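Coordinates as given in protein_15.txt (compact mmCIF, C-alpha atoms):
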```txt
# COMPACT_ATOMS: atom_id res chain seq x y z
CA MET Y 14 27.63 -27.00 -22.34
CA ARG Y 15 27.79 -25.96 -25.97
CA VAL Y 16 30.54 -27.00 -28.26
CA VAL Y 17 31.31 -25.22 -31.53
CA VAL Y 18 33.53 -26.72 -34.16
CA CYS Y 19 35.63 -24.25 -36.16
CA LYS Y 20 35.96 -24.93 -39.84
CA MET Y 21 38.92 -24.07 -41.96
CA GLY Y 22 38.11 -21.02 -44.02
CA SER Y 23 39.27 -17.56 -44.78
CA GLY Y 24 40.92 -16.04 -41.77
CA GLY Y 25 40.89 -19.35 -39.94
CA ASN Y 26 43.91 -20.59 -38.10
CA SER Y 27 45.20 -23.98 -39.11
CA ASP Y 28 46.00 -24.85 -35.49
CA THR Y 29 42.31 -24.64 -34.36
CA ALA Y 30 40.69 -26.04 -37.48
CA GLY Y 31 38.33 -28.92 -36.67
CA LYS Y 32 38.92 -28.71 -32.91
CA PRO Y 33 36.02 -28.04 -30.50
CA VAL Y 34 35.93 -24.59 -28.89
CA LYS Y 35 34.09 -24.28 -25.56
CA ASN Y 36 31.81 -21.22 -25.32
CA GLY Y 37 31.42 -20.91 -21.51
CA TYR Y 38 31.11 -17.13 -21.69
CA ILE Y 39 27.81 -17.24 -23.61
CA PHE Y 40 26.25 -19.43 -20.89
CA LEU Y 41 27.57 -17.08 -18.19
CA LEU Y 42 26.08 -14.08 -19.98
CA GLU Y 43 22.68 -15.82 -20.27
CA CYS Y 44 22.71 -16.59 -16.55
CA LEU Y 45 23.57 -12.98 -15.68
CA ILE Y 46 20.70 -11.69 -17.83
CA ALA Y 47 18.27 -14.16 -16.22
CA VAL Y 48 19.38 -13.13 -12.71
CA ALA Y 49 19.03 -9.43 -13.63
CA ILE Y 50 15.47 -10.01 -14.88
CA ILE Y 51 14.50 -11.94 -11.74
CA MET Y 52 16.01 -9.27 -9.48
CA SER Y 53 14.14 -6.46 -11.27
CA MET Y 54 10.87 -8.38 -10.91
CA ALA Y 55 11.54 -8.92 -7.20
CA THR Y 56 12.33 -5.22 -6.77
CA LEU Y 57 8.98 -4.31 -8.29
CA ALA Y 58 7.03 -6.91 -6.31
CA ALA Y 59 8.43 -6.18 -2.82
CA PRO Y 60 6.49 -2.91 -2.16
CA ILE Y 61 3.27 -4.44 -3.44
CA TYR Y 62 3.74 -7.44 -1.13
CA GLN Y 63 4.38 -5.19 1.89
CA LYS Y 64 1.24 -3.15 1.13
CA GLN Y 65 -0.83 -6.34 0.85
CA GLN Y 66 0.52 -7.54 4.21
CA LYS Y 67 -0.56 -4.29 5.93
CA GLU Y 68 -4.01 -4.49 4.36
CA PHE Y 69 -4.38 -8.12 5.43
CA VAL Y 70 -3.54 -7.32 9.08
CA ILE Y 71 -6.04 -4.43 9.15
CA ASN Y 72 -8.77 -6.51 7.49
CA ALA Y 73 -8.22 -9.42 9.90
CA TYR Y 74 -8.41 -7.11 12.93
CA ALA Y 75 -11.56 -5.43 11.54
CA ARG Y 76 -13.20 -8.84 11.13
CA GLN Y 77 -12.26 -9.72 14.72
CA LEU Y 78 -13.79 -6.45 15.96
CA ALA Y 79 -16.96 -7.05 13.91
CA MET Y 80 -17.25 -10.52 15.42
CA HIS Y 81 -16.96 -9.11 18.95
CA LEU Y 82 -19.55 -6.44 18.15
CA GLN Y 83 -21.88 -9.20 16.97
CA VAL Y 84 -21.22 -11.20 20.16
CA VAL Y 85 -22.11 -8.17 22.31
CA ARG Y 86 -25.21 -7.52 20.19
CA THR Y 87 -26.35 -11.14 20.49
CA TYR Y 88 -25.69 -11.16 24.24
CA ASP Y 89 -27.82 -8.04 24.67
CA PHE Y 90 -30.66 -9.83 22.84
CA THR Y 91 -30.69 -12.68 25.33
CA ALA Y 92 -29.43 -11.03 28.53
CA PRO Y 93 -31.66 -10.08 31.43
CA LYS Y 94 -32.93 -6.49 31.33
CA ASP Y 95 -30.58 -5.29 34.03
CA LYS Y 96 -27.45 -6.59 32.28
CA THR Y 97 -25.92 -5.16 29.15
CA ALA Y 98 -22.62 -5.77 27.47
CA ASN Y 99 -20.53 -3.09 25.84
CA ILE Y 100 -17.25 -2.44 24.08
CA VAL Y 101 -14.96 0.40 25.09
CA PHE Y 102 -12.35 1.57 22.59
CA GLN Y 103 -8.90 2.90 23.26
CA GLU Y 104 -6.49 4.04 20.58
CA ASN Y 105 -4.51 0.80 20.57
CA SER Y 106 -7.05 -1.75 21.89
CA TYR Y 107 -10.67 -2.40 22.76
CA THR Y 108 -12.22 -4.04 25.80
CA VAL Y 109 -15.35 -6.20 25.92
CA HIS Y 110 -17.36 -5.91 29.17
CA GLY Y 111 -20.26 -8.05 30.34
CA ALA Y 112 -20.53 -10.51 27.43
CA GLY Y 113 -19.50 -13.55 29.42
CA PRO Y 114 -16.19 -14.89 30.68
CA GLN Y 115 -15.18 -16.37 27.33
CA TRP Y 116 -15.47 -12.95 25.59
CA ASP Y 117 -14.69 -10.40 28.30
CA GLY Y 118 -11.23 -8.93 28.15
CA SER Y 119 -8.95 -6.56 26.33
CA TYR Y 120 -7.98 -7.12 22.70
CA PRO Y 121 -4.85 -5.17 21.74
CA CYS Y 122 -4.23 -3.95 18.20
CA PRO Y 123 -1.42 -5.53 16.19
CA GLU Y 124 1.75 -3.47 16.06
CA GLY Y 125 1.29 -0.32 13.98
CA ILE Y 126 -2.53 -0.56 13.89
CA TYR Y 127 -4.80 1.98 15.63
CA ILE Y 128 -8.52 2.50 16.29
CA LYS Y 129 -10.15 5.88 15.73
CA TRP Y 130 -13.79 6.81 16.32
CA LYS Y 131 -16.06 9.66 15.33
CA ARG Y 132 -18.37 10.33 18.28
CA ARG Y 133 -18.06 8.06 21.28
CA ASN Y 134 -15.53 5.44 22.24
CA LYS Y 135 -18.12 3.13 23.81
CA ILE Y 136 -20.90 1.12 22.20
CA SER Y 137 -23.71 -1.01 23.59
CA PHE Y 138 -26.91 -2.40 22.12
CA SER Y 139 -30.56 -2.24 23.19
CA LEU Y 140 -32.76 -5.25 23.88
CA HIS Y 141 -33.82 -5.14 20.23
CA GLY Y 142 -30.22 -5.32 19.00
CA ARG Y 143 -30.05 -1.70 17.95
CA GLY Y 144 -26.91 0.30 18.52
CA SER Y 145 -26.85 3.39 20.68
CA GLY Y 146 -26.69 5.74 17.70
CA THR Y 147 -24.83 5.22 14.44
CA GLU Y 148 -21.22 4.68 15.31
CA THR Y 149 -18.27 4.64 12.95
CA PHE Y 150 -14.87 3.27 13.87
CA TYR Y 151 -11.74 3.33 11.76
CA ILE Y 152 -9.00 0.76 11.97
CA CYS Y 153 -5.93 2.19 10.29
CA ASN Y 154 -2.18 1.91 10.12
CA LYS Y 155 0.21 4.44 11.61
CA ASP Y 156 0.33 6.83 8.64
CA SER Y 157 -3.36 6.23 7.68
CA THR Y 158 -2.47 5.10 4.16
CA TYR Y 159 -4.96 2.26 4.51
CA ASN Y 160 -7.96 2.05 6.79
CA MET Y 161 -11.03 -0.07 7.27
CA ARG Y 162 -14.30 1.45 8.38
CA VAL Y 163 -16.57 -0.39 10.83
CA VAL Y 164 -20.10 1.03 10.89
CA VAL Y 165 -22.82 0.08 13.38
CA ALA Y 166 -26.19 1.31 12.09
CA SER Y 167 -28.52 2.84 14.68
CA GLN Y 168 -31.82 1.63 13.20
CA THR Y 169 -30.97 -2.04 12.77
CA GLY Y 170 -27.76 -2.60 14.72
CA ARG Y 171 -26.26 -4.02 11.54
CA ILE Y 172 -22.45 -4.14 11.51
CA ARG Y 173 -20.76 -3.27 8.22
CA LEU Y 174 -17.14 -3.36 7.17
CA GLU Y 175 -16.25 -0.88 4.46
```

Rendering of file as structure tokens:
Amino acid sequence: MRVVVCKMGSGGNSDTAGKPVKNGYIFLLECLIAVAIIMSMATLAAPIYQKQQKEFVINAYARQLAMHLQVVRTYDFTAPKDKTANIVFQENSYTVHGAGPQWDGSYPCPEGIYIKWKRRNKISFSLHGRGSGTETFYICNKDSTYNMRVVVASQTGRIRLE
């Protein structure tokens, strides 16, 4: 708390001369200004934070899909000739078939995330690890403001996230 001592001078009142005057209003005004600055910064940061959260969810799901594509590709390298694994895509999930009990199953998209594809909604790999044609999948949010592209190259079977 600040204390100001009034001195006797021109226009001064003899009753308050030399007595401390408490300036609580200045401190209150400083606090209000600080709160206003903090609130304006929070208002600017909230949309950026929400956008980053959406991008993080899409990126995490794309990495999970890329990992499952790699598992299916690796399984097709080592599997007997009559067995192949594949992944079938739906709009809100994908299903791994034939890659072993620990990988087989359906993997739903997080809320508000969707899968789109260009040509086919199913992918498998040859014995050499090559994809069945170049396939491109998009993982995007509901209004497609942010998307992640998953590309499986036909020549090498390489899986890229873009």

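In this structure, atom CA of Y:Phe138 sits 26.4 Å away from atom CA of Y:Pro123.
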
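Separating atom CA of Y:Arg171 from atom CA of Y:Thr87 is a distance of 11.4 Å.
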
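For the residues Y:Ala75, Y:Ala98, Y:Val165, Y:Val48, ranking by smallest atom-to-atom distance to Y:Gly111 using only C-alpha atoms places Y:Ala98 first.
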
Can you pull out every residue within 9 Å of Y:Val85, counting all atoms listed in the file, but drop anything in the same chain fewer than 4 positions away, and send it as a short mmCIF file (atom, residue, chain, number, x, y, z; two decimals) with C-alpha atoms, keeping the file's coordinate frame?
```cif
data_model
loop_
_atom_site.label_atom_id
_atom_site.label_comp_id
_atom_site.auth_asym_id
_atom_site.auth_seq_id
_atom_site.Cartn_x
_atom_site.Cartn_y
_atom_site.Cartn_z
CA MET Y 80 -17.25 -10.52 15.42
CA HIS Y 81 -16.96 -9.11 18.95
CA ASP Y 89 -27.82 -8.04 24.67
CA PHE Y 90 -30.66 -9.83 22.84
CA THR Y 97 -25.92 -5.16 29.15
CA ALA Y 98 -22.62 -5.77 27.47
CA ASN Y 99 -20.53 -3.09 25.84
CA ILE Y 100 -17.25 -2.44 24.08
CA VAL Y 109 -15.35 -6.20 25.92
CA HIS Y 110 -17.36 -5.91 29.17
CA GLY Y 111 -20.26 -8.05 30.34
CA ALA Y 112 -20.53 -10.51 27.43
CA TRP Y 116 -15.47 -12.95 25.59
CA SER Y 137 -23.71 -1.01 23.59
CA PHE Y 138 -26.91 -2.40 22.12
#
```

Write out as a PDB file with C-alpha atoms, in the coordinates of the input the residues lying within 8 Å of Y:Leu174, counting only C-alpha atoms and excluding same-chain residues fewer than 4 positions away.
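Wrote it out as selection-v4.pdb, contents follow:
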```
ATOM      1  CA  ALA Y  75     -11.560  -5.430  11.540  1.00  0.00           C
ATOM      2  CA  ARG Y  76     -13.200  -8.840  11.130  1.00  0.00           C
ATOM      3  CA  ALA Y  79     -16.960  -7.050  13.910  1.00  0.00           C
ATOM      4  CA  MET Y 161     -11.030  -0.070   7.270  1.00  0.00           C
ATOM      5  CA  ARG Y 162     -14.300   1.450   8.380  1.00  0.00           C
ATOM      6  CA  VAL Y 163     -16.570  -0.390  10.830  1.00  0.00           C
ATOM      7  CA  VAL Y 164     -20.100   1.030  10.890  1.00  0.00           C
TER       8      VAL Y 164
END
```

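When only C-alpha atoms are used to measure the gap to Y:Phe150, the shortest distance among Y:Glu43, Y:Glu175, Y:Asp95, Y:Asp117 belongs to Y:Glu175.
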
Interatomic distance, atom CA of Y:Asn105 to atom CA of Y:Asn154 (Å, one decimal)
10.8 Å

Using all atoms listed in the file, which residue out of Y:Ser139, Y:Gln77, Y:Thr108, Y:Gln83 lies closest to Y:Lys96?
Y:Ser139

Find the residue from Y:Val101, Y:Met54, Y:Ala59, Y:Leu41 that sits nearest to Y:Leu82; use all atoms listed in the file when measuring.
Y:Val101

Pick out the residues sitting within 12 Å of Y:Thr158, and hand them over as an mmCIF file with C-alpha atoms, keeping the file's coordinate frame; count all atoms listed in the file, and ignore anything fewer than 3 positions along from it in its own chain.
```cif
data_model
loop_
_atom_site.group_PDB
_atom_site.id
_atom_site.type_symbol
_atom_site.label_atom_id
_atom_site.label_comp_id
_atom_site.auth_asym_id
_atom_site.auth_seq_id
_atom_site.Cartn_x
_atom_site.Cartn_y
_atom_site.Cartn_z
ATOM 1 C CA LYS Y 64 1.240 -3.150 1.130
ATOM 2 C CA LYS Y 67 -0.560 -4.290 5.930
ATOM 3 C CA GLU Y 68 -4.010 -4.490 4.360
ATOM 4 C CA ILE Y 71 -6.040 -4.430 9.150
ATOM 5 C CA GLY Y 125 1.290 -0.320 13.980
ATOM 6 C CA ILE Y 126 -2.530 -0.560 13.890
ATOM 7 C CA ILE Y 152 -9.000 0.760 11.970
ATOM 8 C CA CYS Y 153 -5.930 2.190 10.290
ATOM 9 C CA ASN Y 154 -2.180 1.910 10.120
ATOM 10 C CA LYS Y 155 0.210 4.440 11.610
ATOM 11 C CA MET Y 161 -11.030 -0.070 7.270
#
```

Quick one: everything within 9 Å of Y:Phe102, counting all atoms listed in the file, minus sequence neighbours fewer than 2 positions away in the same chain. Send it as a count of residues only.
14

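Closest approach to Y:Lys131 among Y:Ser119, Y:Asn72, Y:Thr169, Y:Thr149 is made by Y:Thr149 (distances from only C-alpha atoms).
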
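Remark: for Y:Pro93, the closest of the candidate residues Y:Ala166, Y:Ile39, Y:Ile46, Y:Leu140 is Y:Leu140 (distances computed over only C-alpha atoms).
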